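Here's the structure we're looking at; comments come further down.
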Protein chains: 2
Amino acid sequence: MATPSWSSSLRTEGPIGVFDSGLGGLSVLRALTERMPREDFVYLGDTARTPYGTRGKQTILNYTHACARALREHRIKLLVVACNTVSAIALEPLAAELFIPAVGAILPGLHAATKVSVGQRIGVLASSRTALSGSYEQAFPSIALRGAQIFVQPSPLLIALADEGWLEGEVPRLAVREYLTPLLKHGIDTLLLGCSQFPLLSGLIERELAALGGGLIRVVSSAEPLADECLKVVTARQLATVRTDPGKVRILLTDLPEDLRVAERYLGAHIGVTSITAVDL
Amino acid sequence: MATPSWSSSLRTEGPIGVFDSGLGGLSVLRALTERMPREDFVYLGDTARTPYGTRGKQTILNYTHACARALREHRIKLLVVACNTVSAIALEPLAAELFIPAVGAILPGLHAATKVSVGQRIGVLASSRTALSGSYEQAFPSIALRGAQIFVQPSPLLIALADEGWLEGEVPRLAVREYLTPLLKHGIDTLLLGCSQFPLLSGLIERELAALGGGLIRVVSSAEPLADECLKVVTARQLATVRTDPGKVRILLTDLPEDLRVAERYLGAHIGVTSITAVDL
């Protein structure tokens with residue numbers, strides 16, 4: 001009796017799975033489809049239990065486990081963890097459970113930040129749980145060779161503001177200012193957006209940096225470096241599809257929002273979504 | 001063979017169950033223990049999946065169902081739904097499932113507001129889901145006899161601010177102002193705090209009302225009227241304990257916060273808590 005094997009076509013023709021605690025990872029999905037337009041994607045956003053970033057570690061591991069099981073049913077060939085909180089605390093157990101390559105957001109973002117940083121003083125805006133995890137600091141040994149210093153600022157209200165689509169005006173501006181101020185005191189020259197929701201606020205963050213005298217500080221999102229890293233993995237592991245037609249993009253959400261405007265903000269106008277479906281985990 | 005019956009001692013000696021989507025209902029628990037210090041209480045806060053107020057109806061019903069099952073195991077004699085969102089959309093299915101009296105936050109709060117309102121123009125700050133549910137307006141027929149008018153303002157960011165313990169300063173002040181402004185345009189004379197987290201912000205809300213020229217507007221919390229209503233139900237249905245020693249207060253949380261300061265803010269200094277335990281639902 002033959003042992004079931006992972007055939008070559010399964011390796012290349014399965015979709016790429018993208019997992020996020022909510023909708024923020026759609027900005028990663030967009031960056032991925034730009035780089036790999038012929039690949040199929042299955043995005044799973046745990047909108048019924050978002051935000052993860054304020055919860056305990058075990059709770060996040062439990063949720064992540066359930067979401068990984070759901071993605072496995074789609075025979076994904078690569079798992080992209082768009083959520084920085086999940087990347088920070090659950091990347092290894094996820095990869096072990098799925099037996100496929102898994103790429104998280106922490107290292108690609110941090111590498112991109114050190115590349116553009118002149119003075120190697122890097123600030124990170126992150127969820128409370130990501131900050132508590134110490135993941136950015138622990139990723140440090142490889143980074144520290146360049147003599148970089150890293151300062152992680154928990155910024156939980158920015159997540160709520162992004163989720164509400166409250167992106168302009170005094171309330172988000174002052175919240176951003178509150179979180180940037182301690183980072184500016186540390187003399188950062190580069191700011192990494194360490195949460196998948198924060199690209200929505202990047203315009204406001206850049207303006208506020210300028211207003212606070214930090215106009216030269218470079219703002220780096222994790223989304224594009226993460227997508228770059230995924231393209232590298234797909235190429236290096238020979239996982240690229242051989243099909244030439246445009247790939248399918250399916251979005252699964254554990255709680256379907258009545259108003260998809262926030263999702264559209266992350267996705268932008270250029271990405272064609274094949275389906276948006278509710279899943280019960 | 002005898003049919004199992006709900007014996008008299010079970011009726012009076014079971015604990016009172018208090019259910020909330022998070023920690024906000026602890027303000028209701030405090031009001032309850034003040035009125036019924038000899039009763040045992042079991043509080044269940046679904047901190048692993050809070051906030052409910054931004055989620056879809058079916059998701060909230062699923063979560064509520066799971067929490068109700070957990071509370072039933074404690075043989076509660078009365079269910080107090082401290083969460084306005086759950087009260088708005090799931091009170092009836094909950095009561096039907098548990099076969100015990102269930103008291104929700106919508107009607108007691110609204111009655112209390114109409115009692116103190118001079119001009120019967122009542123504003124409500126609520127979660128997005130509570131506002132969408134139309135529950136306050138639907139509770140209206142009994143209220144409308146007094147000719148009251150009601151205006152419900154979704155205030156999602158206030159929930160995040162309360163959960164973060166960010167209760168003072170420009171960010172919460174301006175967020176409160178943003179949500180109060182449309183209510184003031186409606187000429188309200190009474191403001192009902194229609195979410196269990198909002199009592200934490202009541203000082204700020206009152207100051208901001210005064211600053212906006214609404215210093216005569218009465219602010220009504222749902223917590224005390226809900227506790228008053230529960231005392232009435234316990235008395236009317238002869239559910240009061242016959243014990244004379246102080247009751248036990250147990251708190252169950254689906255995700256144990258490392259920092260219990262927010263919980264303490266709701267509970268105040270005067271309530272003795274017997275235990276705080278994590279439960280996995």
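Note on naming: chains are A, B, ... as they come in the structure tokens, residues start from 1 per chain, ligands start from 1 in the order shown.
By only C-alpha atoms, and with residues fewer than 4 positions from Leu32 (chain A) along its chain excluded, the set lying at most 8 Å from it is Val28, Met36, Pro37, Ala227, Asp228, Cys230 and Leu231 of chain A.
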Please return, as a PyMOL selection string, all residues of region 27-199 of chain A that DSSP assigns to alpha helix (DSSP H) on the basis of the backbone. chain A and resi 27-35+57-72+84-98+106-116+128-133+135-138+140-144+156-164+170-185
Sorted by chain and rising residue number, list the residues of chain B at most 9 Å from chain A (counting only C-alpha atoms), each with its closest atom pair and distance in Å to one decimal, as a tab-separated table.
```
residue	atom	partner	partner_atom	distance
B:Thr47	CA	A:Arg55	CA	7.9
B:Ala48	CA	A:Arg55	CA	6.4
B:Arg49	CA	A:Arg49	CA	5.2
B:Thr50	CA	A:Arg49	CA	7.5
B:Pro51	CA	A:Arg49	CA	8.4
B:Tyr52	CA	A:Ala48	CA	8.7
B:Thr54	CA	A:Pro257	CA	8.7
B:Arg55	CA	A:Ala48	CA	6.4
B:Gly56	CA	A:Asp255	CA	6.2
B:Gln58	CA	A:Asp255	CA	8.5
B:Thr59	CA	A:Asp255	CA	6.6
B:Ile60	CA	A:Ala48	CA	8.8
B:Pro156	CA	A:Glu164	CA	7.6
B:Leu157	CA	A:Ala160	CA	6.8
B:Ala160	CA	A:Ala160	CA	6.5
B:Leu161	CA	A:Leu157	CA	7.1
B:Glu164	CA	A:Pro156	CA	7.6
B:Glu170	CA	A:Leu174	CA	7.3
B:Val171	CA	A:Val171	CA	5.4
B:Pro172	CA	A:Val171	CA	7.9
B:Arg173	CA	A:Val171	CA	8.8
B:Leu174	CA	A:Val171	CA	6.1
B:Ala175	CA	A:Val171	CA	6.2
B:Glu178	CA	A:Val171	CA	8.9
B:Thr254	CA	A:Thr59	CA	8.4
B:Asp255	CA	A:Gly56	CA	6.2
B:Leu256	CA	A:Gly56	CA	6.8
B:Pro257	CA	A:Gly56	CA	6.7
B:Glu258	CA	A:Gly56	CA	7.8
B:Asp280	CA	A:Thr59	CA	8.8
```
Write out as a PyMOL selection string which residues come within 9 Å of Gly24 (chain B) when counting only C-alpha atoms, dropping same-chain ones fewer than 4 positions away. chain B and resi 20+28+45+82-83+162-163+195-200+262-263+266
Which residues are near Gly147 (chain B)? Cut-off 12 Å, only C-alpha atoms, ignore same chain within fewer than 5 positions. Put them as a ChimeraX atom specification. /B:114,117-122,140-142
Suppose we keep N, CA, C and O atoms; can you now write the selection as a JSON list (two decimals), in the first residue's frame?
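Writing done, so here's result-v8.json:
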```json
[["chain", "number", "residue", "atom", "x", "y", "z"],
["B", 114, "THR", "N", -36.49, 57.65, 31.89],
["B", 114, "THR", "CA", -37.75, 58.38, 31.72],
["B", 114, "THR", "C", -38.25, 58.95, 33.04],
["B", 114, "THR", "O", -38.92, 59.98, 33.07],
["B", 117, "SER", "N", -36.29, 62.18, 33.57],
["B", 117, "SER", "CA", -36.30, 63.12, 32.45],
["B", 117, "SER", "C", -37.45, 64.12, 32.59],
["B", 117, "SER", "O", -38.61, 63.73, 32.78],
["B", 118, "VAL", "N", -37.12, 65.38, 32.45],
["B", 118, "VAL", "CA", -38.14, 66.43, 32.54],
["B", 118, "VAL", "C", -38.85, 66.58, 31.20],
["B", 118, "VAL", "O", -40.08, 66.57, 31.12],
["B", 119, "GLY", "N", -38.06, 66.67, 30.13],
["B", 119, "GLY", "CA", -38.65, 66.93, 28.81],
["B", 119, "GLY", "C", -38.87, 65.68, 27.98],
["B", 119, "GLY", "O", -39.34, 65.75, 26.86],
["B", 120, "GLN", "N", -38.53, 64.50, 28.55],
["B", 120, "GLN", "CA", -38.70, 63.22, 27.85],
["B", 120, "GLN", "C", -37.98, 63.17, 26.51],
["B", 120, "GLN", "O", -38.50, 62.62, 25.54],
["B", 121, "ARG", "N", -36.80, 63.77, 26.47],
["B", 121, "ARG", "CA", -35.94, 63.61, 25.29],
["B", 121, "ARG", "C", -34.66, 62.94, 25.79],
["B", 121, "ARG", "O", -33.84, 63.55, 26.46],
["B", 122, "ILE", "N", -34.55, 61.66, 25.44],
["B", 122, "ILE", "CA", -33.53, 60.81, 26.07],
["B", 122, "ILE", "C", -32.48, 60.38, 25.04],
["B", 122, "ILE", "O", -32.82, 59.82, 23.99],
["B", 140, "PHE", "N", -39.99, 51.06, 23.24],
["B", 140, "PHE", "CA", -40.62, 52.36, 23.26],
["B", 140, "PHE", "C", -42.12, 52.34, 23.55],
["B", 140, "PHE", "O", -42.61, 53.23, 24.23],
["B", 141, "PRO", "N", -42.88, 51.39, 23.03],
["B", 141, "PRO", "CA", -44.33, 51.46, 23.23],
["B", 141, "PRO", "C", -44.73, 51.74, 24.68],
["B", 141, "PRO", "O", -45.56, 52.59, 24.94],
["B", 142, "SER", "N", -44.06, 51.06, 25.63],
["B", 142, "SER", "CA", -44.43, 51.30, 27.02],
["B", 142, "SER", "C", -43.95, 52.68, 27.48],
["B", 142, "SER", "O", -44.57, 53.33, 28.29]]
```
List as JSON, numbers by chain the protein and nucleic acid residues near Leu212 (chain B), meaning an atom at most 9 Å away when only C-alpha atoms are counted, but skip any in the same chain fewer than 3 places from it. {"B": [177, 180, 181, 184, 207, 208, 209, 215]}
Just to confirm, what's the straight-line distance from CA of Thr130 (chain A) to CA of Leu191 (chain A) in Å (one decimal)? 15.6 Å
If you run DSSP over the backbone, which residues in region 9-193 of chain A end up strand (DSSP E)? Put them as a ChimeraX atom specification. /A:16-20,41-45,78-81,102-103,121-126,149-154,190-193
From the list B:Leu29, B:Ile271, B:Ala236, B:Ala88, which residue is nearest Glu137 (chain B) when using only C-alpha atoms?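 Between B:Leu29, B:Ile271, B:Ala236, B:Ala88, the residue approaching Glu137 (chain B) most closely is B:Ala88.
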Near His111 (chain B), within 12 Å and counting only C-alpha atoms, which residues show up once chain neighbours fewer than 2 positions away are dropped, as a count of residues only? 33
Residues near Ile100 (chain B), anyone? I mean within 9 Å using only C-alpha atoms, not counting same-chain ones fewer than 2 positions away, as an MDAnalysis selection string. chainID B and resid 76:79 95:98 102
Interatomic distance (Å, one decimal) between CA of Ala90 (chain B) and CA of Val124 (chain B):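 One can read the CA of Ala90 (chain B) to CA of Val124 (chain B) distance as 19.3 Å.
As for CA of Leu204 (chain B) and CA of Ile217 (chain B), they are spaced 13.7 Å apart.
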